[in-house]
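Novice: I am attaching a structure below and will ask some questions about it afterwards.
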Amino acid sequence: LSNITSLPANVGSNSSPQNDESSMASVTRNSPAVKPDPSPSARTSTRVRKSKRSPALNANDPSASSSNEITVHKHDVLSGRGVNIAQHLGNERFRTLITSYTDEQYCAKYSVNEKKAAAKQIILHILSLNPPGRFLKRDGKGGVSRGLSGPWEELTEKDALKKTCQALRDCNRLDRSGYADGVKAPEDVKQVVEIVTKTGLSAKERAAAAVAAEKTLDMIDEKYPSQFQFP
């Protein structure tokens, strides 16, 4: 994600709980550490720099071939319908991450900014995997493709955020249940849930802390605009 701060590469299915907790413990933007919510997801920055464009999440992804053909891997989150899409490992991981924000207050009491902050934390976890996960959809030429065959294109930052917010809404609707029933959480998600549980913070408190961290980074940008630029 070109406009979101990068996360440690060792947060993924092969990482240990100890490493996950330490690697997600700070916001790294070539600037002094800012300490938001102590939960692992919130301790990673949900920073999205303001811009008029909405670039692809991994515009310079090295896993794409020289012809820009995208090959799906197990960390990718795919848009679409059907058993092959629903049972893709990346989509199952995405659903279990969504359920980490199960909260009956979500639809009625979360602010717009809190809903976006929760979605950004989930997106950042996907991007932090090794190799980085991507949010993909079939491009215009592949509308009739079946299974995992392409061609695929990457969602924009805006569309990935929209997709994740929609999933959070679906998971937390009081008239629906069983969002991720029967789906086994991968180890990296189990580690996140374990660490979050130990903090004792509710899902709403984690989202509120992430919003506060975003405001802090806005203040840093305003005060030191030339000192904290991404490459």
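Every chain in the structure tokens takes a letter, A first, then B, and so on in the order presented; its residues are numbered from 1, and the ligands are numbered from 1 following the presented order.
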Got a sec: who's within 12 Å of region 111-118 of chain A, counting only C-alpha atoms, leaving out chain neighbours fewer than 3 positions off, as a ChimeraX atom specification?
Specialist: /A:41-48,97-103,105-108,121-125,158,160-169,172,202-215
Novice: Step one, run DSSP on the backbone; step two, keep only residues of region 143-231 of chain A assigned to alpha helix (DSSP H); then write them as a count of residues only.
Specialist: 50
Novice: If you measure from CA of Thr216 (chain A) to CA of Phe94 (chain A), what distance in Å do you get, rounded to one decimal?
Specialist: 28.0 Å
Novice: Do you know which residues are at most 10 Å from Gly147 (chain A) counting only C-alpha atoms, after dropping those on the same chain fewer than 4 positions away, and could you put them as a ChimeraX atom specification?
Specialist: /A:80-85,88
Novice: Can you work out the spacing between CA of His75 (chain A) and CA of Gly140 (chain A) in Å, to one decimal?
Specialist: 22.6 Å
Novice: Which is closest to Arg95 (chain A) among A:Leu78, A:Leu129, A:Leu136, A:Ile220, if we use only C-alpha atoms?
Specialist: A:Leu78
Novice: Just asking: which residues within region 99-186 of chain A are strand (DSSP E) according to DSSP, as a ChimeraX atom specification?
Specialist: /A:135-138,152-154
